[in-house]
Amino acid sequence: MYSEKVIEHFRNPRNVGVIEDADGVGEVGNPVCGDMMTFYVKVKDGIITDIKFKTFGCGAAIAVSSMISELVKGKNVDEALSISSKAVVEALGGLPSNKIHCSNLGAVALARAINDYKRRNGLPYENIPEPEDVEEG
Amino acid sequence: MNSIYLDHSATTPLDGEVLKKMMPYFSEIFANASSMHSQGQKAAEAIEEARLQVAGLINASPSEIIFTSGGTESDNLAIRGLFLRLCPEKNEIITSAIEHHAVLHTVQDLEKHYGAKAIYLPVDGKGRVNPADVEKAITSKTSLVSIMMANNEVGTIEPIEEIARICKLRGVAFHTDAVQAIGKIPVDVKALGVDLLSMSAHKFYGPKGVGALYVKKGIRLNPVMTGGSHERSLRSGTYNTPGIVGMGWATKIAKDKLSWHMEYTAMLRDALQKRIFDEIPDVFVNGDEENRLPQLLNISIKFAEGESMLMFLDMDGNIQASSGSACTSKSLAASHVLNAMCIPHEFINGSIRFSFGKDNTMDHVDKVMAIFPQIVKKLREMSAIGPDKPAR
Ligand SMILES: Cc1ncc(COP(=O)(O)O)c(C=O)c1O
C-alpha cells in the first residue's frame with residue numbers, strides 16, 4: 001500500500017529529534033486519528049539552517065515528517081512555506097488516499113513552526129488553522 | 001525469512017487435511033447437490049455429512065444447521081430474519097457497542113430503512129456486557145437480543161449463558177455471534193441456551209466464504225436470500241459443496257483438538273504477554289484476563305503508534321499482527337471496541353493484537369521479542385507524545 005519512498009523514509013527517518021534552542025516550534029494534533037507532530041526550526045538570515053521533528057503516528061505520518069524536513073532544510077522560510085502538501089505527497093511517490101491527510105498535518109506543523117519564528121522576531125505572521133480533514137481522499 | 005503469522009483472529013490458514021477432503025468436490029464430484037441424479041446425490045450426501053459434523057461440534061441437531069457464505073451472512077440472516085418476521089409489532093433490537101460490524105451495520109441498516117429502534121448496550125472497562133442491562137432493556141416490543149460470544153479485538157468472553165437465560169424467561173429470541181469462539185473455546189448450544197448462533201469456517205482452519213447459522217428448532221425466520229428454496233427455504237443458492245465439506249472437516253478437527261488447541265495457544269500467548277511486560281515499560285492488557293479467548297493478546301503500548309509497530313514487525317521480522325489504532329482503519333476511526341471500553345486515546349492508538357494458532361511455536365515468541373522492544377524504543381524516541389508530553 002505504501003510506495004518504496006515512503007517505506008524508505010519510514011525506516012530511516014531524517015532529522016528526528018528536538019532542537020532545544022529552536023527559533024520556532026510548530027505543533028499539530030489530528031483529533032480524528034490521534035496523530036501528533038512537532039517541528040523545530042533553526043533560522044539564520046531567513047534560511048532554515050536546521051530542522052528536527054517528533055511524530056506520533058502511522059507510517060505515512062512519519063514519512064511525511066521526514067520528507068518535509070528534507071525538502072525545507074537550507075531553504076528560505078518563505079520558500080519553505082510555499083511547499084504544498086501535494087508536493088510532499090509527490091516527493092514521496094504518492095500516498096494511499098486515506099493517508100493524504102497526514103501530508104496536510106505535516107504542512108500545518110511546518111507552517112506553524114515558521115510562523116512561530118516570525119512572531120518571535122517581530123515579522124508579520126499568521127495563525128495557522130487546524131488542518132482540513134480527510135476530504136482529499 | 002519465513003512468515004510468523006500472529007493474526008489468526010483475522011483468518012487462519014486452511015488445514016492440509018481439510019484441503020484434501022475438499023479437493024474431489026472441485027473436480028469429480030461437481031454435480032449440483034440439488035440434482036436428483038446419482039452424481040448430485042453424492043454431493044448431497046457429502047453436505048449432509050458436513051451438517052452432522054458441524055452440529056456435532058456445538059451439540060446441535062443436523063436439522064438446526066443452515067449453511068451460509070460465512071459469519072457476515074449468518075449474522076445478517078439471524079438478525080434480519082428475526083426482525084423482519086416480527087416487525088412492525090416488535091421493532092426493538094438489543095445489542096452491544098462492541099459487536100463486529102457484521103452485526104452493528106446490519107442493525108444500523110434496520111434502523112435506517114426498516115423502522116428498528118436499537119439499544120447498544122455499554123460494556124465495562126474489560127469489554128463485558130452486564131446481563132442486568134439486557135434484562136432492563138427488554139420490553140414487550142423487543143424483537144431480538146444479539147450479543148457476541150467472544151470479541152474479535154480483545155477476546156473478551158461474554159456471559160452468554162446468563163443472557164440466554166434472561167431472554168428465555170422474557171420470551172425473546174437470543175442470537176450470538178460465535179465466529180471468534182468456535183474452535184477456540186467449548187461451545188454447546190444446549191448448555192448455553194441460545195436460539196441462534198453464527199459461525200465462520202475460516203476462523204478455525206476451514207475455507208473462506210462458508211459458514212453456518214444454528215437455528216434452534218422452533219425458531220422462525222424470514223429468509224434473506226430468496227430463490228430455489230435451499231436450506232429449508234431459509235438460504236437459497238446452489239450449494240458450495242467443497243466449502244461446506246471443508247467446513248465439516250474443520251469442525252471435526254476442531255472438536256478433536258479443542259483442549260489441546262486451547263492449552264497450547266494459551267501457553268504461547270501467556271509467554272508473549274509475560275515477556276512484553278518484563279521487557280517493555282508502560283504497557284497494559286486490553287480485555288478481560290479472567291474471561292478471554294486463549295489464543296488472543298491485545299496489548300496497548302503507550303506512546304507507540306499501532307500501524308508503525310505493525311509495519312516494523314512485518315518489515316523487520318516478517319511478523320504479522322493487527323492493531324485497533326485509527327491509522328490502521330480505512331475510516332481513520334479508532335477501534336469502536338476499545339472506545340466502548342473507555343480506553344484513553346493514546347492507548348487505543350498504541351494497541352496491538354497478537355492472535356496465535358496451531359502452527360505457532362515458542363520460537364515465534366522469541367522472534368517477536370528479539371525485535372519488538374527495539375521497535376517500541378525507536379518509535380517512542382520519535383514520538384511527539386511521551387511521559388512528559390501527553391496527548392492533547
Ligand atoms: C466476531 C465476528 N463476526 C463476524 C465476522 C465475519 O465473518 P466472515 O468473515 O466469515 O464474514 C468476523 C470475522 O471477520 C468476526 O470476527
# chains A, B, ... in the order shown; residues from 1 in each chain; ligands from 1
$ residues_near_ligand --ligand "ligand 1" --cutoff "9 Å" --atoms "only C-alpha atoms and all ligand atoms" --output "CSV table (one decimal) with N, CA, C and O atoms, in the first residue's frame"
chain,number,residue,atom,x,y,z
B,9,SER,N,-6.9,-14.3,14.4
B,9,SER,CA,-8.3,-13.8,14.7
B,9,SER,C,-8.8,-13.2,13.4
B,9,SER,O,-10.0,-13.0,13.2
B,10,ALA,N,-7.9,-12.8,12.5
B,10,ALA,CA,-8.4,-12.2,11.2
B,10,ALA,C,-8.8,-13.4,10.3
B,10,ALA,O,-9.9,-13.4,9.7
B,11,THR,N,-7.9,-14.3,10.2
B,11,THR,CA,-8.2,-15.6,9.5
B,11,THR,C,-7.1,-16.6,9.8
B,11,THR,O,-6.1,-16.2,10.2
B,69,SER,N,-22.7,-18.2,3.5
B,69,SER,CA,-21.4,-17.9,2.9
B,69,SER,C,-20.4,-17.4,4.0
B,69,SER,O,-19.3,-16.9,3.6
B,70,GLY,N,-20.7,-17.5,5.3
B,70,GLY,CA,-19.8,-17.0,6.3
B,70,GLY,C,-20.4,-16.3,7.4
B,70,GLY,O,-21.6,-16.3,7.6
B,71,GLY,N,-19.6,-15.8,8.3
B,71,GLY,CA,-20.0,-15.1,9.5
B,71,GLY,C,-20.9,-14.0,9.2
B,71,GLY,O,-22.0,-13.8,9.9
B,72,THR,N,-20.6,-13.2,8.3
B,72,THR,CA,-21.3,-12.0,7.9
B,72,THR,C,-22.8,-12.4,7.5
B,72,THR,O,-23.7,-11.8,8.0
B,73,GLU,N,-22.9,-13.3,6.6
B,73,GLU,CA,-24.2,-13.7,6.2
B,73,GLU,C,-25.0,-14.4,7.3
B,73,GLU,O,-26.2,-14.1,7.4
B,74,SER,N,-24.3,-15.2,8.2
B,74,SER,CA,-25.1,-15.8,9.3
B,74,SER,C,-25.6,-14.7,10.2
B,74,SER,O,-26.8,-14.8,10.6
B,75,ASP,N,-24.8,-13.7,10.5
B,75,ASP,CA,-25.3,-12.6,11.3
B,75,ASP,C,-26.5,-11.9,10.7
B,75,ASP,O,-27.5,-11.6,11.3
B,99,GLU,N,-20.0,-5.2,19.2
B,99,GLU,CA,-20.2,-6.2,18.2
B,99,GLU,C,-19.3,-6.0,17.0
B,99,GLU,O,-18.9,-4.9,16.7
B,100,HIS,N,-19.1,-7.0,16.2
B,100,HIS,CA,-18.5,-7.0,14.9
B,100,HIS,C,-19.4,-6.1,14.0
B,100,HIS,O,-20.6,-6.1,14.2
B,101,HIS,N,-18.8,-5.5,13.0
B,101,HIS,CA,-19.6,-4.7,12.1
B,101,HIS,C,-20.6,-5.5,11.3
B,101,HIS,O,-21.6,-4.9,10.9
B,102,ALA,N,-20.4,-6.8,11.2
B,102,ALA,CA,-21.4,-7.6,10.5
B,102,ALA,C,-22.8,-7.5,11.3
B,102,ALA,O,-23.8,-7.6,10.7
B,103,VAL,N,-22.7,-7.4,12.6
B,103,VAL,CA,-23.9,-7.2,13.4
B,103,VAL,C,-24.3,-5.7,13.5
B,103,VAL,O,-25.4,-5.3,13.2
B,148,MET,N,-22.4,-10.9,21.1
B,148,MET,CA,-21.4,-11.8,20.7
B,148,MET,C,-20.9,-12.7,21.8
B,148,MET,O,-20.9,-12.3,23.0
B,149,MET,N,-20.4,-13.9,21.4
B,149,MET,CA,-19.9,-14.8,22.4
B,149,MET,C,-18.5,-14.4,22.9
B,149,MET,O,-18.2,-14.4,24.0
B,150,ALA,N,-17.6,-14.0,21.9
B,150,ALA,CA,-16.3,-13.6,22.2
B,150,ALA,C,-15.9,-12.5,21.3
B,150,ALA,O,-16.2,-12.6,20.1
B,151,ASN,N,-15.3,-11.4,21.8
B,151,ASN,CA,-15.0,-10.3,20.9
B,151,ASN,C,-13.7,-10.5,20.1
B,151,ASN,O,-12.7,-11.0,20.6
B,152,ASN,N,-13.8,-10.1,18.8
B,152,ASN,CA,-12.7,-10.3,17.9
B,152,ASN,C,-11.5,-9.5,18.2
B,152,ASN,O,-10.4,-9.8,17.8
B,153,GLU,N,-11.6,-8.3,18.8
B,153,GLU,CA,-10.5,-7.4,19.0
B,153,GLU,C,-9.8,-7.7,20.3
B,153,GLU,O,-8.5,-7.7,20.4
B,177,ASP,N,-23.1,-14.1,18.1
B,177,ASP,CA,-22.1,-14.2,17.0
B,177,ASP,C,-21.0,-15.0,17.7
B,177,ASP,O,-20.2,-14.4,18.5
B,178,ALA,N,-20.8,-16.2,17.3
B,178,ALA,CA,-19.8,-17.1,18.0
B,178,ALA,C,-18.6,-17.3,17.0
B,178,ALA,O,-17.8,-18.2,17.2
B,179,VAL,N,-18.5,-16.4,16.0
B,179,VAL,CA,-17.5,-16.6,15.0
B,179,VAL,C,-16.1,-16.7,15.6
B,179,VAL,O,-15.3,-17.5,15.1
B,180,GLN,N,-15.8,-15.9,16.6
B,180,GLN,CA,-14.4,-16.0,17.2
B,180,GLN,C,-14.3,-17.1,18.2
B,180,GLN,O,-13.2,-17.5,18.6
B,181,ALA,N,-15.4,-17.6,18.7
B,181,ALA,CA,-15.4,-18.6,19.8
B,181,ALA,C,-15.2,-20.0,19.3
B,181,ALA,O,-14.5,-20.8,19.9
B,198,SER,N,-24.0,-17.8,15.2
B,198,SER,CA,-23.3,-17.7,13.9
B,198,SER,C,-21.9,-18.3,14.0
B,198,SER,O,-21.2,-18.1,15.0
B,199,MET,N,-21.4,-18.9,12.9
B,199,MET,CA,-20.1,-19.4,12.8
B,199,MET,C,-19.5,-19.2,11.4
B,199,MET,O,-20.2,-19.0,10.5
B,200,SER,N,-18.2,-19.2,11.3
B,200,SER,CA,-17.5,-19.0,10.1
B,200,SER,C,-16.3,-19.9,10.0
B,200,SER,O,-15.4,-19.9,10.9
B,201,ALA,N,-16.2,-20.7,8.9
B,201,ALA,CA,-15.2,-21.7,8.8
B,201,ALA,C,-13.7,-21.2,8.8
B,201,ALA,O,-12.8,-21.8,9.3
B,202,HIS,N,-13.5,-20.0,8.2
B,202,HIS,CA,-12.1,-19.6,8.0
B,202,HIS,C,-11.5,-19.2,9.3
B,202,HIS,O,-10.3,-18.9,9.3
B,203,LYS,N,-12.2,-19.1,10.4
B,203,LYS,CA,-11.6,-18.7,11.7
B,203,LYS,C,-11.1,-19.9,12.4
B,203,LYS,O,-10.4,-19.8,13.4
B,208,LYS,N,-12.4,-20.1,3.4
B,208,LYS,CA,-13.1,-18.8,3.5
B,208,LYS,C,-14.4,-18.9,2.6
B,208,LYS,O,-14.5,-19.7,1.7
B,209,GLY,N,-15.4,-18.0,3.0
B,209,GLY,CA,-16.6,-18.0,2.2
B,209,GLY,C,-17.6,-19.0,2.5
B,209,GLY,O,-18.5,-19.3,1.7
B,210,VAL,N,-17.5,-19.7,3.7
B,210,VAL,CA,-18.5,-20.6,4.1
B,210,VAL,C,-18.7,-20.5,5.6
B,210,VAL,O,-17.7,-20.3,6.4
B,211,GLY,N,-19.9,-20.6,6.0
B,211,GLY,CA,-20.2,-20.5,7.5
B,211,GLY,C,-21.6,-21.2,7.7
B,211,GLY,O,-22.1,-21.9,6.8
$ interface_residues --of "chain A" --to "chain B" --cutoff "7 Å" --atoms "only C-alpha atoms" --output "PDB file with N, CA and C atoms, in the first residue's frame"
ATOM      1  N   VAL A  16      15.097  13.308  12.888  1.00  0.00           N
ATOM      2  CA  VAL A  16      14.270  13.064  14.071  1.00  0.00           C
ATOM      3  C   VAL A  16      14.942  13.720  15.265  1.00  0.00           C
ATOM      4  N   GLY A  17      14.148  14.353  16.115  1.00  0.00           N
ATOM      5  CA  GLY A  17      14.697  14.878  17.362  1.00  0.00           C
ATOM      6  C   GLY A  17      14.110  16.213  17.740  1.00  0.00           C
ATOM      7  N   VAL A  32      -8.923  13.414  14.685  1.00  0.00           N
ATOM      8  CA  VAL A  32      -9.591  12.246  14.101  1.00  0.00           C
ATOM      9  C   VAL A  32      -8.781  10.986  14.369  1.00  0.00           C
ATOM     10  N   CYS A  33      -7.515  11.014  13.993  1.00  0.00           N
ATOM     11  CA  CYS A  33      -6.766   9.764  14.060  1.00  0.00           C
ATOM     12  C   CYS A  33      -5.751   9.743  15.197  1.00  0.00           C
ATOM     13  N   MET A  36       0.175  13.040  16.111  1.00  0.00           N
ATOM     14  CA  MET A  36       0.748  14.272  16.661  1.00  0.00           C
ATOM     15  C   MET A  36       2.100  14.517  16.000  1.00  0.00           C
ATOM     16  N   MET A  37       2.337  15.771  15.606  1.00  0.00           N
ATOM     17  CA  MET A  37       3.629  16.129  15.005  1.00  0.00           C
ATOM     18  C   MET A  37       4.129  17.416  15.609  1.00  0.00           C
ATOM     19  N   THR A  38       5.439  17.485  15.843  1.00  0.00           N
ATOM     20  CA  THR A  38       6.069  18.726  16.285  1.00  0.00           C
ATOM     21  C   THR A  38       7.295  18.978  15.418  1.00  0.00           C
ATOM     22  N   LYS A  54       9.396  15.497  15.750  1.00  0.00           N
ATOM     23  CA  LYS A  54       8.953  14.325  16.509  1.00  0.00           C
ATOM     24  C   LYS A  54       7.535  14.029  16.084  1.00  0.00           C
ATOM     25  N   THR A  55       7.244  12.777  15.832  1.00  0.00           N
ATOM     26  CA  THR A  55       5.922  12.382  15.344  1.00  0.00           C
ATOM     27  C   THR A  55       5.427  11.135  16.051  1.00  0.00           C
ATOM     28  N   PHE A  56       4.167  11.197  16.450  1.00  0.00           N
ATOM     29  CA  PHE A  56       3.457  10.004  16.899  1.00  0.00           C
ATOM     30  C   PHE A  56       2.421   9.733  15.828  1.00  0.00           C
ATOM     31  N   GLY A  57       2.609   8.661  15.092  1.00  0.00           N
ATOM     32  CA  GLY A  57       1.633   8.391  14.039  1.00  0.00           C
ATOM     33  C   GLY A  57       2.028   7.223  13.185  1.00  0.00           C
ATOM     34  N   CYS A  58       1.281   7.080  12.108  1.00  0.00           N
ATOM     35  CA  CYS A  58       1.430   5.922  11.240  1.00  0.00           C
ATOM     36  C   CYS A  58       2.660   6.059  10.339  1.00  0.00           C
ATOM     37  N   GLY A  59       2.873   5.078   9.517  1.00  0.00           N
ATOM     38  CA  GLY A  59       3.998   5.094   8.590  1.00  0.00           C
ATOM     39  C   GLY A  59       3.988   6.338   7.721  1.00  0.00           C
ATOM     40  N   ASN A  98      -6.488   7.403   1.880  1.00  0.00           N
ATOM     41  CA  ASN A  98      -6.905   7.702   3.255  1.00  0.00           C
ATOM     42  C   ASN A  98      -5.746   8.219   4.115  1.00  0.00           C
TER      43      ASN A  98
END
$ residues_around --residues "Pro242 (chain B)" --least-positions-apart "4" --cutoff "7 Å" --atoms "only C-alpha atoms" --output "ChimeraX atom specification"
/B:22,25-26,246
$ write_last_selection --atoms "N, CA, C and O atoms" --output "CSV table (one decimal), in the first residue's frame"
chain,number,residue,atom,x,y,z
B,22,MET,N,-11.5,-31.6,0.6
B,22,MET,CA,-12.3,-30.7,-0.3
B,22,MET,C,-12.1,-31.0,-1.8
B,22,MET,O,-13.0,-30.8,-2.6
B,25,TYR,N,-14.4,-32.4,-4.5
B,25,TYR,CA,-15.6,-31.7,-4.8
B,25,TYR,C,-15.4,-30.5,-5.7
B,25,TYR,O,-16.4,-29.8,-6.0
B,26,PHE,N,-14.2,-30.2,-6.0
B,26,PHE,CA,-13.9,-29.2,-7.1
B,26,PHE,C,-13.9,-29.9,-8.4
B,26,PHE,O,-13.9,-29.2,-9.5
B,246,GLY,N,-15.4,-28.7,3.4
B,246,GLY,CA,-14.3,-28.2,4.2
B,246,GLY,C,-14.7,-27.8,5.6
B,246,GLY,O,-14.0,-28.1,6.6
$ closest_residue --among "A:Val88, A:Ala113, A:Leu81, A:Leu123" --to "Ile68 (chain A)" --atoms "only C-alpha atoms"
A:Val88
$ atom_distance --atom1 "CA of Ala111 (chain A)" --atom2 "CA of Gly26 (chain A)"
7.2 Å
$ closest_residue --among "A:Gly24, A:Ile48, A:Val6, A:Leu71" --to "Asn115 (chain A)" --atoms "only C-alpha atoms"
A:Gly24
$ residues_around --residues "Pro96 (chain A)" --least-positions-apart "2" --cutoff "7 Å" --atoms "only C-alpha atoms" --output "list in words"
Met1, Tyr2, Gly94, Asn98, Lys99 and Ile100 of chain A
$ decode --residues "region 185-196 of chain B" --atoms "all heavy atoms" --output "compact mmCIF listing (two decimals), in the first residue's frame"
# COMPACT_ATOMS: atom_id res chain seq x y z
N ILE B 185 -12.89 -22.12 22.11
CA ILE B 185 -13.41 -22.49 23.42
C ILE B 185 -14.60 -23.42 23.20
O ILE B 185 -15.18 -23.44 22.11
CB ILE B 185 -13.86 -21.26 24.25
CG1 ILE B 185 -14.87 -20.40 23.47
CG2 ILE B 185 -12.66 -20.40 24.66
CD1 ILE B 185 -15.48 -19.26 24.29
N PRO B 186 -14.98 -24.20 24.23
CA PRO B 186 -16.13 -25.09 24.04
C PRO B 186 -17.40 -24.28 23.80
O PRO B 186 -17.61 -23.26 24.45
CB PRO B 186 -16.23 -25.82 25.39
CG PRO B 186 -14.93 -25.61 26.09
CD PRO B 186 -14.38 -24.31 25.57
N VAL B 187 -18.19 -24.73 22.85
CA VAL B 187 -19.47 -24.07 22.57
C VAL B 187 -20.53 -25.16 22.48
O VAL B 187 -20.45 -26.04 21.63
CB VAL B 187 -19.42 -23.29 21.24
CG1 VAL B 187 -20.80 -22.70 20.91
CG2 VAL B 187 -18.37 -22.18 21.28
N ASP B 188 -21.49 -25.13 23.39
CA ASP B 188 -22.56 -26.13 23.45
C ASP B 188 -23.88 -25.37 23.47
O ASP B 188 -24.22 -24.73 24.47
CB ASP B 188 -22.37 -26.96 24.72
CG ASP B 188 -23.46 -28.02 24.90
OD1 ASP B 188 -24.62 -27.74 24.52
OD2 ASP B 188 -23.16 -29.09 25.45
N VAL B 189 -24.58 -25.40 22.34
CA VAL B 189 -25.78 -24.55 22.23
C VAL B 189 -26.85 -24.95 23.25
O VAL B 189 -27.62 -24.10 23.70
CB VAL B 189 -26.39 -24.59 20.80
CG1 VAL B 189 -25.48 -23.86 19.82
CG2 VAL B 189 -26.68 -26.00 20.34
N LYS B 190 -26.89 -26.23 23.62
CA LYS B 190 -27.92 -26.66 24.59
C LYS B 190 -27.58 -26.12 25.97
O LYS B 190 -28.42 -25.58 26.67
CB LYS B 190 -28.00 -28.18 24.61
CG LYS B 190 -28.46 -28.74 23.26
CD LYS B 190 -29.58 -29.74 23.39
CE LYS B 190 -30.25 -29.96 22.05
NZ LYS B 190 -29.35 -30.57 21.04
N ALA B 191 -26.30 -26.28 26.36
CA ALA B 191 -25.89 -25.81 27.68
C ALA B 191 -26.01 -24.28 27.77
O ALA B 191 -26.38 -23.74 28.80
CB ALA B 191 -24.45 -26.24 27.97
N LEU B 192 -25.70 -23.62 26.67
CA LEU B 192 -25.77 -22.15 26.68
C LEU B 192 -27.20 -21.64 26.62
O LEU B 192 -27.51 -20.57 27.15
CB LEU B 192 -24.99 -21.57 25.49
CG LEU B 192 -23.47 -21.70 25.52
CD1 LEU B 192 -22.89 -21.36 24.16
CD2 LEU B 192 -22.89 -20.78 26.59
N GLY B 193 -28.06 -22.40 25.94
CA GLY B 193 -29.46 -21.98 25.81
C GLY B 193 -29.70 -20.89 24.80
O GLY B 193 -30.66 -20.13 24.92
N VAL B 194 -28.84 -20.82 23.77
CA VAL B 194 -29.04 -19.77 22.75
C VAL B 194 -30.02 -20.25 21.67
O VAL B 194 -30.21 -21.46 21.49
CB VAL B 194 -27.71 -19.36 22.08
CG1 VAL B 194 -26.75 -18.81 23.13
CG2 VAL B 194 -27.07 -20.53 21.35
N ASP B 195 -30.62 -19.31 20.97
CA ASP B 195 -31.57 -19.64 19.91
C ASP B 195 -30.93 -19.63 18.53
O ASP B 195 -31.33 -20.38 17.65
CB ASP B 195 -32.73 -18.64 19.92
CG ASP B 195 -33.50 -18.68 21.21
OD1 ASP B 195 -33.87 -19.80 21.63
OD2 ASP B 195 -33.71 -17.62 21.82
N LEU B 196 -29.99 -18.73 18.34
CA LEU B 196 -29.31 -18.60 17.04
C LEU B 196 -27.84 -18.36 17.30
O LEU B 196 -27.48 -17.61 18.22
CB LEU B 196 -29.89 -17.41 16.27
CG LEU B 196 -31.36 -17.52 15.88
CD1 LEU B 196 -32.05 -16.18 16.05
CD2 LEU B 196 -31.49 -17.99 14.44
